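*Asks:* Pasting my_file.txt below, which is compact mmCIF, C-alpha atoms.
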```
# COMPACT_ATOMS: atom_id res chain seq x y z
CA MET A 1 30.33 -5.86 1.48
CA ARG A 2 30.12 -2.28 0.17
CA PHE A 3 32.53 0.58 1.05
CA LEU A 4 31.40 4.22 0.65
CA LEU A 5 34.83 5.79 0.97
CA PRO A 6 34.22 9.36 -0.34
CA VAL A 7 32.11 10.36 2.65
CA GLY A 8 34.27 8.57 5.14
CA LEU A 9 31.60 6.02 6.06
CA ILE A 10 31.63 2.28 5.76
CA ALA A 11 28.33 0.63 4.97
CA THR A 12 28.11 -3.11 5.06
CA THR A 13 25.55 -5.45 3.64
CA LEU A 14 25.60 -8.49 5.82
CA ALA A 15 24.38 -11.71 4.32
CA ILE A 16 21.62 -13.25 6.36
CA ALA A 17 22.42 -16.85 7.22
CA PRO A 18 19.70 -19.19 5.94
CA VAL A 19 17.46 -20.68 8.61
CA ARG A 20 18.37 -24.24 9.52
CA PHE A 21 16.16 -26.87 11.12
CA ASP A 22 18.74 -29.22 12.62
CA GLY A 23 17.07 -31.61 15.02
CA ASP A 24 13.57 -30.22 14.42
CA LYS A 25 10.90 -32.91 14.32
CA VAL A 26 7.49 -33.27 12.73
CA LEU A 27 4.99 -35.09 14.92
CA ARG A 28 1.62 -36.52 13.96
CA VAL A 29 -0.86 -36.73 16.84
CA LYS A 30 -4.22 -38.48 16.65
CA LEU A 31 -6.59 -36.68 18.98
CA GLN A 32 -9.10 -38.99 20.62
CA ASP A 33 -11.21 -36.44 22.46
CA GLU A 34 -11.64 -32.79 23.41
CA LYS A 35 -9.26 -33.12 26.34
CA GLN A 36 -6.41 -34.15 24.02
CA ALA A 37 -7.30 -31.34 21.61
CA ASN A 38 -7.05 -28.85 24.45
CA ILE A 39 -3.63 -30.25 25.44
CA ILE A 40 -2.34 -29.45 21.95
CA LYS A 41 -3.88 -25.98 22.11
CA ASP A 42 -2.23 -25.38 25.49
CA LEU A 43 1.12 -26.61 24.15
CA ALA A 44 0.80 -24.15 21.28
CA LYS A 45 0.60 -21.31 23.81
CA THR A 46 3.83 -22.27 25.56
CA SER A 47 5.84 -23.91 22.75
CA GLN A 48 6.53 -22.99 19.14
CA LEU A 49 4.32 -25.50 17.36
CA ASP A 50 4.49 -24.86 13.63
CA PHE A 51 1.26 -26.41 12.40
CA TRP A 52 1.52 -28.24 9.08
CA TYR A 53 -1.96 -29.75 9.20
CA PRO A 54 -4.30 -28.19 10.01
CA ASP A 55 -2.68 -24.81 9.52
CA ALA A 56 -3.70 -23.15 12.79
CA THR A 57 -4.55 -23.85 16.43
CA HIS A 58 -8.23 -22.98 16.11
CA HIS A 59 -8.74 -25.89 13.69
CA VAL A 60 -7.47 -28.41 16.26
CA ALA A 61 -10.41 -30.55 17.41
CA ALA A 62 -11.35 -33.93 18.82
CA ASN A 63 -11.18 -36.96 16.49
CA THR A 64 -8.76 -35.27 14.11
CA THR A 65 -5.11 -35.71 13.20
CA VAL A 66 -2.59 -32.93 13.74
CA ASP A 67 0.85 -32.57 12.12
CA PHE A 68 3.24 -29.99 13.55
CA GLN A 69 6.92 -29.11 13.48
CA ILE A 70 8.73 -28.59 16.78
CA SER A 71 12.24 -27.29 17.38
CA ALA A 72 15.04 -29.52 18.65
CA LYS A 73 15.19 -27.71 22.00
CA GLU A 74 11.45 -28.10 22.64
CA SER A 75 10.79 -31.55 21.17
CA GLN A 76 11.73 -33.49 24.32
CA PHE A 77 9.34 -31.43 26.47
CA VAL A 78 6.48 -31.72 23.98
CA GLN A 79 6.93 -35.47 23.60
CA SER A 80 7.01 -35.89 27.38
CA VAL A 81 3.68 -34.05 27.69
CA LEU A 82 2.17 -36.30 25.03
CA ASP A 83 3.53 -39.40 26.76
CA GLN A 84 2.27 -38.30 30.19
CA ASN A 85 -1.22 -37.87 28.78
CA GLN A 86 -1.07 -41.19 26.90
CA MET A 87 -1.61 -39.51 23.55
CA HIS A 88 -0.94 -41.52 20.43
CA TYR A 89 1.66 -39.91 18.18
CA GLU A 90 4.31 -40.80 15.67
CA ILE A 91 7.42 -38.98 14.51
CA LEU A 92 6.97 -38.36 10.80
CA ILE A 93 10.29 -36.57 10.39
CA HIS A 94 13.15 -37.03 12.86
CA ASP A 95 15.33 -34.21 11.49
CA VAL A 96 13.71 -31.56 9.31
CA GLN A 97 17.03 -30.22 8.04
CA GLU A 98 18.06 -33.65 6.82
CA GLU A 99 14.73 -33.98 5.03
CA VAL A 100 15.12 -30.54 3.46
CA GLU A 101 18.46 -31.60 2.00
CA LYS A 102 17.12 -35.00 0.93
CA GLN A 103 14.36 -33.28 -1.07
CA PHE A 104 16.84 -32.69 -3.87
CA ASP A 105 17.38 -36.36 -4.68
CA VAL A 106 17.33 -36.22 -8.49
CA LYS A 107 20.66 -35.78 -10.26
CA GLU A 108 20.87 -32.75 -12.55
CA ASP A 109 21.52 -33.58 -16.20
CA ASN A 110 22.06 -29.94 -17.10
CA PRO A 111 22.93 -27.85 -14.02
CA GLY A 112 21.63 -24.32 -14.32
CA ARG A 113 18.76 -25.26 -16.64
CA HIS A 114 15.09 -25.88 -15.90
CA SER A 115 14.18 -29.52 -15.30
CA TYR A 116 10.75 -31.13 -15.16
CA ALA A 117 12.11 -33.68 -12.69
CA LYS A 118 13.50 -31.17 -10.17
CA TYR A 119 12.45 -28.22 -8.05
CA ASN A 120 13.46 -25.09 -9.95
CA ASN A 121 14.36 -21.72 -8.48
CA TRP A 122 12.67 -18.56 -9.71
CA SER A 123 15.34 -17.58 -12.25
CA LYS A 124 15.08 -21.01 -13.90
CA ILE A 125 11.29 -20.72 -14.05
CA VAL A 126 11.51 -17.28 -15.69
CA ALA A 127 14.03 -18.62 -18.22
CA TRP A 128 11.68 -21.54 -18.92
CA THR A 129 8.75 -19.19 -19.66
CA GLU A 130 10.96 -17.29 -22.11
CA LYS A 131 12.00 -20.55 -23.75
CA MET A 132 8.39 -21.71 -24.14
CA VAL A 133 7.39 -18.47 -25.86
CA HIS A 134 10.45 -18.59 -28.14
CA LYS A 135 10.01 -22.29 -28.96
CA HIS A 136 6.23 -22.18 -29.52
CA PRO A 137 5.38 -18.59 -30.53
CA GLN A 138 2.09 -19.55 -32.19
CA MET A 139 0.95 -21.56 -29.20
CA VAL A 140 2.32 -19.79 -26.11
CA SER A 141 2.46 -16.14 -25.12
CA ARG A 142 3.60 -14.56 -21.87
CA ILE A 143 1.59 -11.87 -20.11
CA LYS A 144 2.92 -9.74 -17.28
CA ILE A 145 -0.08 -9.12 -15.03
CA GLY A 146 1.72 -7.12 -12.35
CA THR A 147 4.62 -7.12 -9.91
CA THR A 148 5.18 -8.29 -6.36
CA VAL A 149 5.98 -6.15 -3.33
CA GLU A 150 9.67 -6.79 -4.06
CA ASP A 151 9.13 -5.80 -7.71
CA ASN A 152 9.40 -9.28 -9.19
CA PRO A 153 7.22 -9.85 -12.27
CA LEU A 154 4.05 -11.92 -12.15
CA TYR A 155 3.91 -13.85 -15.42
CA ILE A 156 0.99 -15.76 -16.88
CA LEU A 157 1.45 -18.09 -19.83
CA LYS A 158 -1.41 -18.26 -22.28
CA ALA A 159 -1.60 -21.54 -24.18
CA THR A 160 -3.87 -21.64 -27.19
CA LYS A 161 -4.56 -23.81 -30.26
CA THR A 162 -2.26 -25.29 -32.95
CA TYR A 163 -0.64 -27.84 -30.60
CA GLY A 164 -0.92 -30.79 -32.99
CA LYS A 165 1.13 -33.57 -31.35
CA ASN A 166 -1.14 -34.95 -28.62
CA LYS A 167 -4.69 -35.58 -29.85
CA ILE A 168 -6.42 -34.95 -26.51
CA MET A 169 -4.50 -31.75 -25.77
CA THR A 170 -5.00 -30.53 -29.33
CA LYS A 171 -8.73 -31.04 -29.00
CA LEU A 172 -8.83 -29.22 -25.67
CA LEU A 173 -6.64 -26.34 -26.84
CA ASN A 174 -8.73 -25.92 -29.98
CA ARG A 175 -11.76 -25.28 -27.77
CA MET A 176 -10.22 -23.54 -24.77
CA ASN A 177 -7.40 -21.19 -23.88
CA PHE A 178 -5.35 -22.05 -20.80
CA TYR A 179 -3.93 -19.31 -18.59
CA VAL A 180 -1.17 -20.64 -16.32
CA LEU A 181 0.40 -18.71 -13.44
CA PRO A 182 3.47 -20.85 -12.59
CA VAL A 183 4.17 -19.12 -9.26
CA PHE A 184 1.71 -16.88 -7.40
CA ASN A 185 3.81 -16.05 -4.33
CA VAL A 186 7.04 -15.20 -6.13
CA ASP A 187 8.76 -13.30 -3.30
CA GLY A 188 7.94 -16.00 -0.77
CA TYR A 189 9.10 -18.64 -3.22
CA ILE A 190 12.47 -16.90 -3.68
CA TRP A 191 12.81 -16.58 0.11
CA SER A 192 12.14 -20.31 0.49
CA TRP A 193 15.14 -20.95 -1.77
CA THR A 194 17.55 -18.44 -0.27
CA GLN A 195 16.69 -18.03 3.42
CA ASN A 196 13.96 -20.28 4.81
CA ARG A 197 12.86 -23.45 3.05
CA MET A 198 9.67 -23.59 5.12
CA TRP A 199 8.53 -20.02 4.34
CA ARG A 200 4.86 -19.77 3.26
CA LYS A 201 3.65 -16.13 3.27
CA ASN A 202 4.61 -13.34 0.88
CA ARG A 203 7.24 -10.76 1.90
CA SER A 204 5.22 -7.60 2.53
CA ARG A 205 5.95 -5.53 5.62
CA ASN A 206 3.19 -5.19 8.18
CA GLU A 207 2.50 -1.89 9.90
CA ASN A 208 3.26 -1.84 13.63
CA SER A 209 4.67 -5.36 13.52
CA LYS A 210 8.11 -6.87 13.11
CA CYS A 211 6.54 -9.93 11.45
CA ILE A 212 6.72 -10.18 7.69
CA GLY A 213 4.19 -11.40 5.17
CA THR A 214 0.56 -12.17 4.40
CA ASP A 215 -1.08 -15.48 3.53
CA LEU A 216 -2.14 -14.66 -0.03
CA ASN A 217 -4.82 -17.33 -0.06
CA ARG A 218 -6.60 -15.54 2.78
CA ASN A 219 -6.35 -12.12 1.17
CA PHE A 220 -9.12 -12.42 -1.43
CA ASN A 221 -12.30 -10.40 -1.05
CA VAL A 222 -14.65 -13.13 0.11
CA SER A 223 -15.74 -13.41 3.73
CA TRP A 224 -12.32 -11.88 4.40
CA ASN A 225 -12.81 -10.97 8.07
CA SER A 226 -15.03 -13.86 9.17
CA PHE A 227 -12.29 -15.61 11.17
CA PRO A 228 -10.75 -13.40 13.91
CA ASN A 229 -7.83 -15.82 14.30
CA THR A 230 -6.42 -14.60 10.96
CA ASN A 231 -5.75 -11.02 12.10
CA ASP A 232 -2.31 -11.59 13.71
CA PRO A 233 0.59 -10.57 11.40
CA CYS A 234 2.86 -13.06 13.16
CA GLN A 235 0.67 -16.02 12.26
CA GLU A 236 1.20 -18.06 9.08
CA ILE A 237 -2.49 -17.55 8.24
CA TYR A 238 -2.46 -13.73 8.51
CA ARG A 239 -5.11 -12.38 6.13
CA GLY A 240 -3.48 -8.98 5.53
CA PRO A 241 -4.71 -5.49 6.54
CA ALA A 242 -7.53 -5.46 3.96
CA PRO A 243 -8.98 -7.57 1.12
CA GLU A 244 -6.66 -7.47 -1.90
CA SER A 245 -4.15 -5.45 0.12
CA GLU A 246 -1.32 -7.45 -1.44
CA LYS A 247 0.01 -6.62 -4.88
CA GLU A 248 -0.01 -10.28 -5.89
CA THR A 249 -3.66 -10.81 -4.91
CA LYS A 250 -4.72 -7.57 -6.59
CA ALA A 251 -2.92 -8.48 -9.84
CA VAL A 252 -4.54 -11.92 -10.04
CA SER A 253 -7.96 -10.57 -9.09
CA ASP A 254 -7.77 -7.79 -11.69
CA PHE A 255 -6.71 -10.24 -14.40
CA ILE A 256 -9.56 -12.64 -13.64
CA ARG A 257 -12.11 -9.82 -13.47
CA SER A 258 -10.96 -8.50 -16.85
CA HIS A 259 -11.34 -11.96 -18.45
CA LEU A 260 -14.37 -13.12 -16.49
CA LYS A 261 -16.75 -13.51 -19.42
CA SER A 262 -14.53 -16.14 -21.03
CA ILE A 263 -13.32 -18.06 -17.95
CA LYS A 264 -15.07 -21.41 -17.44
CA ALA A 265 -12.87 -22.90 -14.70
CA TYR A 266 -10.37 -21.94 -12.04
CA ILE A 267 -7.94 -24.59 -10.73
CA THR A 268 -5.22 -24.13 -8.11
CA PHE A 269 -2.48 -26.44 -6.83
CA HIS A 270 -1.23 -26.65 -3.25
CA SER A 271 0.45 -29.09 -0.90
CA TYR A 272 -0.17 -31.25 0.98
CA SER A 273 -2.96 -33.77 1.88
CA GLN A 274 -4.06 -35.53 -1.34
CA MET A 275 -7.43 -33.84 -1.62
CA LEU A 276 -9.55 -32.31 -4.36
CA LEU A 277 -11.49 -29.39 -2.91
CA PHE A 278 -14.29 -27.16 -4.10
CA PRO A 279 -16.37 -24.34 -2.47
CA TYR A 280 -17.15 -23.34 0.13
CA GLY A 281 -14.45 -22.76 2.73
CA TYR A 282 -15.99 -19.93 4.71
CA THR A 283 -19.35 -21.62 5.36
CA SER A 284 -20.78 -25.10 5.74
CA GLU A 285 -23.50 -24.23 3.25
CA LEU A 286 -23.17 -26.01 -0.07
CA PRO A 287 -22.95 -24.12 -3.38
CA PRO A 288 -25.95 -24.33 -5.74
CA ASN A 289 -24.15 -26.69 -8.15
CA HIS A 290 -22.72 -28.85 -5.35
CA LYS A 291 -23.93 -32.13 -6.90
CA ASN A 292 -22.29 -31.25 -10.19
CA LEU A 293 -18.99 -30.33 -8.51
CA ALA A 294 -19.05 -33.47 -6.34
CA LYS A 295 -19.71 -35.70 -9.36
CA ALA A 296 -16.83 -34.14 -11.28
CA ALA A 297 -14.53 -34.40 -8.25
CA LYS A 298 -15.39 -38.06 -7.63
CA ILE A 299 -14.56 -39.11 -11.19
CA THR A 300 -11.48 -36.88 -11.21
CA THR A 301 -10.04 -38.55 -8.09
CA ASN A 302 -10.72 -41.96 -9.65
CA VAL A 303 -8.81 -40.89 -12.76
CA LEU A 304 -5.98 -39.58 -10.60
CA SER A 305 -5.66 -42.84 -8.66
CA THR A 306 -5.32 -45.01 -11.78
CA PRO A 307 -1.56 -44.75 -12.50
CA TYR A 308 -0.16 -45.31 -8.98
CA GLU A 309 -3.22 -45.97 -6.77
CA THR A 310 -2.75 -42.62 -5.03
CA HIS A 311 -5.88 -42.08 -2.94
CA TYR A 312 -7.44 -38.62 -2.85
CA THR A 313 -10.45 -37.51 -0.84
CA TYR A 314 -12.77 -34.85 -2.21
CA GLY A 315 -15.42 -32.43 -1.04
CA PRO A 316 -16.16 -28.85 0.05
CA ILE A 317 -13.21 -27.05 1.65
CA ALA A 318 -14.85 -26.43 5.03
CA SER A 319 -15.86 -30.02 5.74
CA THR A 320 -13.06 -31.83 3.90
CA ILE A 321 -9.96 -30.04 5.14
CA TYR A 322 -10.97 -27.14 7.47
CA PRO A 323 -12.94 -23.86 7.35
CA THR A 324 -11.07 -20.94 5.82
CA SER A 325 -11.78 -17.39 4.73
CA GLY A 326 -10.51 -15.15 1.94
CA SER A 327 -9.58 -18.05 -0.36
CA SER A 328 -9.19 -17.56 -4.09
CA LEU A 329 -11.39 -20.61 -4.75
CA ASP A 330 -14.43 -19.17 -2.97
CA TRP A 331 -13.76 -15.72 -4.41
CA ALA A 332 -13.60 -17.02 -8.00
CA TYR A 333 -16.77 -19.07 -7.48
CA ASN A 334 -18.74 -16.14 -6.09
CA LEU A 335 -17.46 -14.00 -8.94
CA GLY A 336 -19.26 -16.34 -11.35
CA ILE A 337 -16.77 -19.10 -12.21
CA LYS A 338 -18.86 -22.13 -11.29
CA HIS A 339 -16.18 -24.78 -11.73
CA THR A 340 -13.45 -24.07 -9.21
CA PHE A 341 -11.19 -26.75 -7.76
CA ALA A 342 -8.06 -26.94 -5.60
CA PHE A 343 -5.69 -29.88 -5.70
CA GLU A 344 -3.84 -30.55 -2.45
CA LEU A 345 -1.04 -32.66 -3.92
CA ARG A 346 1.10 -35.42 -2.38
CA ASP A 347 1.66 -36.61 0.16
CA LYS A 348 -0.19 -37.40 3.38
CA GLU A 349 1.80 -40.20 4.97
CA ARG A 350 5.45 -39.27 5.33
CA PHE A 351 6.95 -36.13 3.80
CA GLY A 352 4.34 -33.38 4.12
CA PHE A 353 5.73 -30.15 2.67
CA LEU A 354 9.08 -31.81 1.94
CA LEU A 355 8.16 -34.14 -0.92
CA PRO A 356 11.33 -35.47 -2.61
CA GLU A 357 12.08 -34.58 -6.20
CA SER A 358 11.94 -38.27 -7.07
CA GLN A 359 8.15 -38.06 -6.70
CA ILE A 360 7.66 -35.07 -9.01
CA LYS A 361 7.23 -37.05 -12.24
CA SER A 362 4.80 -39.55 -10.77
CA THR A 363 2.81 -36.71 -9.18
CA CYS A 364 2.57 -34.99 -12.56
CA LYS A 365 1.72 -38.19 -14.42
CA GLU A 366 -1.25 -38.86 -12.15
CA THR A 367 -2.42 -35.24 -11.88
CA MET A 368 -2.37 -34.23 -15.56
CA PRO A 369 -5.02 -36.78 -16.65
CA ALA A 370 -7.17 -35.54 -13.76
CA VAL A 371 -6.90 -31.94 -15.00
CA LYS A 372 -7.73 -33.06 -18.54
CA PHE A 373 -10.82 -34.82 -17.26
CA ILE A 374 -12.03 -31.68 -15.47
CA VAL A 375 -11.60 -29.69 -18.68
CA LYS A 376 -13.46 -32.29 -20.75
CA TYR A 377 -16.22 -32.45 -18.15
CA ILE A 378 -16.64 -28.68 -18.24
CA LEU A 379 -16.71 -28.61 -22.04
CA LYS A 380 -19.41 -31.27 -22.01
CA HIS A 381 -21.57 -29.63 -19.32
CA THR A 382 -21.28 -25.93 -20.19
CA SER A 383 -22.28 -23.96 -23.24
```
Could you write out this file's structure as C-alpha cells?

*Replies:*
Amino acid sequence: MRFLLPVGLIATTLAIAPVRFDGDKVLRVKLQDEKQANIIKDLAKTSQLDFWYPDATHHVAANTTVDFQISAKESQFVQSVLDQNQMHYEILIHDVQEEVEKQFDVKEDNPGRHSYAKYNNWSKIVAWTEKMVHKHPQMVSRIKIGTTVEDNPLYILKATKTYGKNKIMTKLLNRMNFYVLPVFNVDGYIWSWTQNRMWRKNRSRNENSKCIGTDLNRNFNVSWNSFPNTNDPCQEIYRGPAPESEKETKAVSDFIRSHLKSIKAYITFHSYSQMLLFPYGYTSELPPNHKNLAKAAKITTNVLSTPYETHYTYGPIASTIYPTSGSSLDWAYNLGIKHTFAFELRDKERFGFLLPESQIKSTCKETMPAVKFIVKYILKHTS
C-alpha cells in the first residue's frame, strides 16, 4: 500500500489474489464420431472448456481424444451431458488446485537457489545464468537479445568448446556452438508463478480488448493468418495483431536471422503429449527433406525410450498433433534451417501440464541423449 500524503490523495496498490482452481476437473473424452465431436463443440459455446489437447475447438474431430479443464461449478452439467449422450470419458484430474500444489513434490536442499530437480522461478533462472557464466567463463557466455513487453531481459546462453569432462559433449561442443534460450515467454512464465499457474500467453495488452496476451508460437511470420480461429484476443491461441508484433518473437527472429549462416538446427521444447514434431504445421504438404527428418525422428524417439520406455510418436506437426499457423518451427525451416524439431515432453496419461517435479530428472535423462543424437545426426549429414 502506498500513501501520497503531500497532495492529500491516497493511492493504493492492491495485490491481485492468485487464481485458484479448487474443484476444477480435467476430463479426457474419446470421440467416436462426428456427432460426439459436435457435442463437445456445442459445450464449448455454452461452458468454459479450457482445452488442453488439442488447444482449440476447431481441432476437435471424430476419432480423436480431447482433454479439457472445466470449472467446479460447470463440471456436473458437462459430465451429465456426456453421460446422456453415452460418451466415453475419464476424469484425469479430480481437483486441479490440488494437482497444482502437488507439482512441487521434491524437497528443497537449498531454498532460494536454483535446482535441477525442481521448477525454478524466473529470478532463480536469471541467477543460474549468471552463475554459469561466472563458473565457466571460457565455455559459457550470456547474450541479451532483447526485452519483453514488461521489460524483462531475454537471455541466451552460448555454449562453446573447451568442455573437457564428458567425451561426447566435448566432441559436440568442439564442432558446434549451442545457443540456449532458457525461457522464451518470460512475462507469462512469471505470471504463472505469481498469479495463474495455468497461464500460457505472454502479457501484452490487446487493442480494443480487455483480454491479455498473445500466443507467441503463433506470432511468427509464416502462414500467420491462414487460420481465422486464431484472431480472437480472448483465445489462448491468439496470433497477435501482426506477424512478429510481440517483442519476444521479434527478438528471437532477429537473433536467428543475424546468425542464419551458421545455424544448422533449431530445437524447441514444449509440453505435453510425448511427441517429436517437425514441419509442416500450416499445411499437409511434406517438406522436401521429409524422409531425412522422419528417419532422424524415428531413431531419436527410440533413443529417448531406452532409459524408461517412454513412448513418443513422431511426424509432421499438422498430421501428428494438429494443424497450426505462425509456429517458430515452420518459420525457422522456411528461413533455411532444414533440421527443425519440437519436443512435446511428458506426459500423456495423467498429469498433462501439471507434471510433478519428481519426474523432472527422469524426463531430462531420457531427453538429453535424444538431443545429442539429433546433433550427431546433423553433423554426419551436413557439411

*Asks:* Quick one: residues within 10 Å of Ala296 in chain A, all atoms listed in the file, excluding same-chain residues fewer than 5 positions away - as a ChimeraX atom specification?

*Replies:* /A:290-291,301,314,339,341,373-374,377-378

*Asks:* Between A:Met368, A:Met198, A:Leu216, A:Ile256, single out the one closest to Ser327 in chain A, counting all atoms listed in the file.

*Replies:*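 Closest to Ser327 in chain A of all the choices is A:Leu216.
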
*Asks:* Restricting the calculation to all atoms listed in the file, which member of A:Trp199, A:Trp191, A:Tyr155, A:Val183 is positioned closest to Ile16 in chain A?

*Replies:*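 Smallest distance to Ile16 in chain A is found for A:Trp191.
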
*Asks:* Quick one: distance from CA of Thr306 in chain A to CA of Thr363 in chain A in Å, one decimal?

*Replies:*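 Between CA of Thr306 in chain A and CA of Thr363 in chain A the gap is 11.9 Å.
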
*Asks:* Could you tell me which of A:Ile39, A:Val371, A:Val26, A:Ala127 comes closest to Leu304 in chain A if we count all atoms listed in the file?

*Replies:*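 Once distances to Leu304 in chain A are computed over all atoms listed in the file, the minimum belongs to A:Val371.
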
*Asks:* Do you know which residues are at most 12 Å from Arg200 in chain A counting only C-alpha atoms, after dropping those on the same chain fewer than 4 positions away, and could you put them as a list of chain:residue names?

*Replies:* A:Asp50, A:Phe51, A:Trp52, A:Asp55, A:Phe184, A:Asn185, A:Val186, A:Asp187, A:Gly188, A:Tyr189, A:Ile190, A:Trp191, A:Ser192, A:Trp193, A:Gln195, A:Asn196, A:Ile212, A:Gly213, A:Thr214, A:Asp215, A:Leu216, A:Asn217, A:Gln235, A:Glu236, A:Ile237, A:Tyr238, A:His270, A:Ser271, A:Phe353

*Asks:* Show which residues sit within 12 Å of Phe351 in chain A, as an NGL selection string. Count only C-alpha atoms, and ignore same-chain residues fewer than 3 positions away.

*Replies:* :A and (25-28 or 52 or 67 or 69 or 91-96 or 98-100 or 102-103 or 271-273 or 345-348 or 354-357 or 359)

*Asks:* Have a look at CA of Lys338 in chain A and CA of Lys264 in chain A and let me know their distance in Å, one decimal.

*Replies:*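 It comes out at 7.3 Å.
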
*Asks:* Give me, as a ChimeraX atom specification, all polymer residues having an atom no more than 8 Å from range 78-89 of chain A, counting all atoms listed in the file and skipping those fewer than 6 positions away in the same chain.

*Replies:* /A:27-31,36,43,47

*Asks:* From the list A:Ala159, A:Trp224, A:Lys107, A:Asp330, which residue is nearest Thr129 in chain A when using only C-alpha atoms?

*Replies:* A:Ala159

*Asks:* By how many Å are CA of Leu276 in chain A and CA of Glu344 in chain A apart?

*Replies:*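 Computed distance, CA of Leu276 in chain A to CA of Glu344 in chain A, equals 6.3 Å.
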
*Asks:* Have a look at A:Lys261, A:Ile143, A:Asn219, A:Arg205 and name the one nearest to Asn231 in chain A; count all atoms listed in the file.

*Replies:*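 Of the candidates, the smallest distance to Asn231 in chain A is held by A:Asn219.
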
*Asks:* Have a look at A:Lys41, A:Arg197, A:Lys372, A:Lys250 and name the one nearest to Asn121 in chain A; count all atoms listed in the file.

*Replies:*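 Between A:Lys41, A:Arg197, A:Lys372, A:Lys250, the residue approaching Asn121 in chain A most closely is A:Arg197.
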
*Asks:* Can you tell me which residues surround Ile70 in chain A at a distance of at most 6 Å, considering only C-alpha atoms, apart from same-chain residues fewer than 2 positions away, and format the answer as a list in words?

*Replies:* Asp24, Lys25, Leu49 and Ser75 of chain A

*Asks:* Once you add 5 Å to each side, what are the centre and edge lengths of the axis-aligned box holding all listed atoms of range 141-147 of chain A? One decimal in Å, as lines of an AutoDock Vina configuration file, if you can.

*Replies:*
```
center_x = 2.3
center_y = -11.6
center_z = -17.5
size_x = 14.7
size_y = 19.0
size_z = 25.2
```

*Asks:* My structure is short of atoms at range 180-198 of chain A; please model N, CA and C atoms there, returning them as a PDB file, keeping the file's coordinate frame.

*Replies:*
```pdb
ATOM      1  N   VAL A 180      -1.921 -19.954 -17.383  1.00  0.00           N
ATOM      2  CA  VAL A 180      -1.170 -20.640 -16.320  1.00  0.00           C
ATOM      3  C   VAL A 180      -0.261 -19.636 -15.604  1.00  0.00           C
ATOM      4  N   LEU A 181      -0.475 -19.523 -14.294  1.00  0.00           N
ATOM      5  CA  LEU A 181       0.400 -18.710 -13.440  1.00  0.00           C
ATOM      6  C   LEU A 181       1.336 -19.688 -12.718  1.00  0.00           C
ATOM      7  N   PRO A 182       2.588 -19.827 -13.173  1.00  0.00           N
ATOM      8  CA  PRO A 182       3.470 -20.850 -12.590  1.00  0.00           C
ATOM      9  C   PRO A 182       3.725 -20.667 -11.104  1.00  0.00           C
ATOM     10  N   VAL A 183       3.921 -19.411 -10.676  1.00  0.00           N
ATOM     11  CA  VAL A 183       4.170 -19.120  -9.260  1.00  0.00           C
ATOM     12  C   VAL A 183       3.368 -17.875  -8.880  1.00  0.00           C
ATOM     13  N   PHE A 184       2.516 -18.001  -7.886  1.00  0.00           N
ATOM     14  CA  PHE A 184       1.710 -16.880  -7.400  1.00  0.00           C
ATOM     15  C   PHE A 184       2.518 -16.057  -6.397  1.00  0.00           C
ATOM     16  N   ASN A 185       3.063 -16.718  -5.398  1.00  0.00           N
ATOM     17  CA  ASN A 185       3.810 -16.050  -4.330  1.00  0.00           C
ATOM     18  C   ASN A 185       5.303 -16.033  -4.670  1.00  0.00           C
ATOM     19  N   VAL A 186       5.670 -15.198  -5.617  1.00  0.00           N
ATOM     20  CA  VAL A 186       7.040 -15.200  -6.130  1.00  0.00           C
ATOM     21  C   VAL A 186       8.060 -14.816  -5.054  1.00  0.00           C
ATOM     22  N   ASP A 187       7.811 -13.743  -4.318  1.00  0.00           N
ATOM     23  CA  ASP A 187       8.760 -13.300  -3.300  1.00  0.00           C
ATOM     24  C   ASP A 187       8.955 -14.367  -2.221  1.00  0.00           C
ATOM     25  N   GLY A 188       7.854 -14.939  -1.772  1.00  0.00           N
ATOM     26  CA  GLY A 188       7.940 -16.000  -0.770  1.00  0.00           C
ATOM     27  C   GLY A 188       8.657 -17.218  -1.312  1.00  0.00           C
ATOM     28  N   TYR A 189       8.432 -17.510  -2.586  1.00  0.00           N
ATOM     29  CA  TYR A 189       9.100 -18.640  -3.220  1.00  0.00           C
ATOM     30  C   TYR A 189      10.614 -18.419  -3.264  1.00  0.00           C
ATOM     31  N   ILE A 190      11.034 -17.233  -3.653  1.00  0.00           N
ATOM     32  CA  ILE A 190      12.470 -16.900  -3.680  1.00  0.00           C
ATOM     33  C   ILE A 190      13.057 -17.029  -2.276  1.00  0.00           C
ATOM     34  N   TRP A 191      12.337 -16.518  -1.275  1.00  0.00           N
ATOM     35  CA  TRP A 191      12.810 -16.580   0.110  1.00  0.00           C
ATOM     36  C   TRP A 191      12.958 -18.034   0.573  1.00  0.00           C
ATOM     37  N   SER A 192      12.062 -18.898   0.100  1.00  0.00           N
ATOM     38  CA  SER A 192      12.140 -20.310   0.490  1.00  0.00           C
ATOM     39  C   SER A 192      13.366 -20.990  -0.112  1.00  0.00           C
ATOM     40  N   TRP A 193      13.927 -20.410  -1.156  1.00  0.00           N
ATOM     41  CA  TRP A 193      15.140 -20.950  -1.770  1.00  0.00           C
ATOM     42  C   TRP A 193      16.407 -20.376  -1.141  1.00  0.00           C
ATOM     43  N   THR A 194      16.326 -19.132  -0.713  1.00  0.00           N
ATOM     44  CA  THR A 194      17.550 -18.440  -0.270  1.00  0.00           C
ATOM     45  C   THR A 194      17.709 -18.371   1.245  1.00  0.00           C
ATOM     46  N   GLN A 195      16.583 -18.312   1.993  1.00  0.00           N
ATOM     47  CA  GLN A 195      16.690 -18.030   3.420  1.00  0.00           C
ATOM     48  C   GLN A 195      15.955 -19.008   4.327  1.00  0.00           C
ATOM     49  N   ASN A 196      14.770 -19.446   3.925  1.00  0.00           N
ATOM     50  CA  ASN A 196      13.960 -20.280   4.810  1.00  0.00           C
ATOM     51  C   ASN A 196      13.117 -21.223   3.976  1.00  0.00           C
ATOM     52  N   ARG A 197      13.531 -22.471   3.908  1.00  0.00           N
ATOM     53  CA  ARG A 197      12.860 -23.450   3.050  1.00  0.00           C
ATOM     54  C   ARG A 197      11.393 -23.632   3.425  1.00  0.00           C
ATOM     55  N   MET A 198      11.033 -23.360   4.662  1.00  0.00           N
ATOM     56  CA  MET A 198       9.670 -23.590   5.120  1.00  0.00           C
ATOM     57  C   MET A 198       8.790 -22.333   5.061  1.00  0.00           C
TER      58      MET A 198
END
```
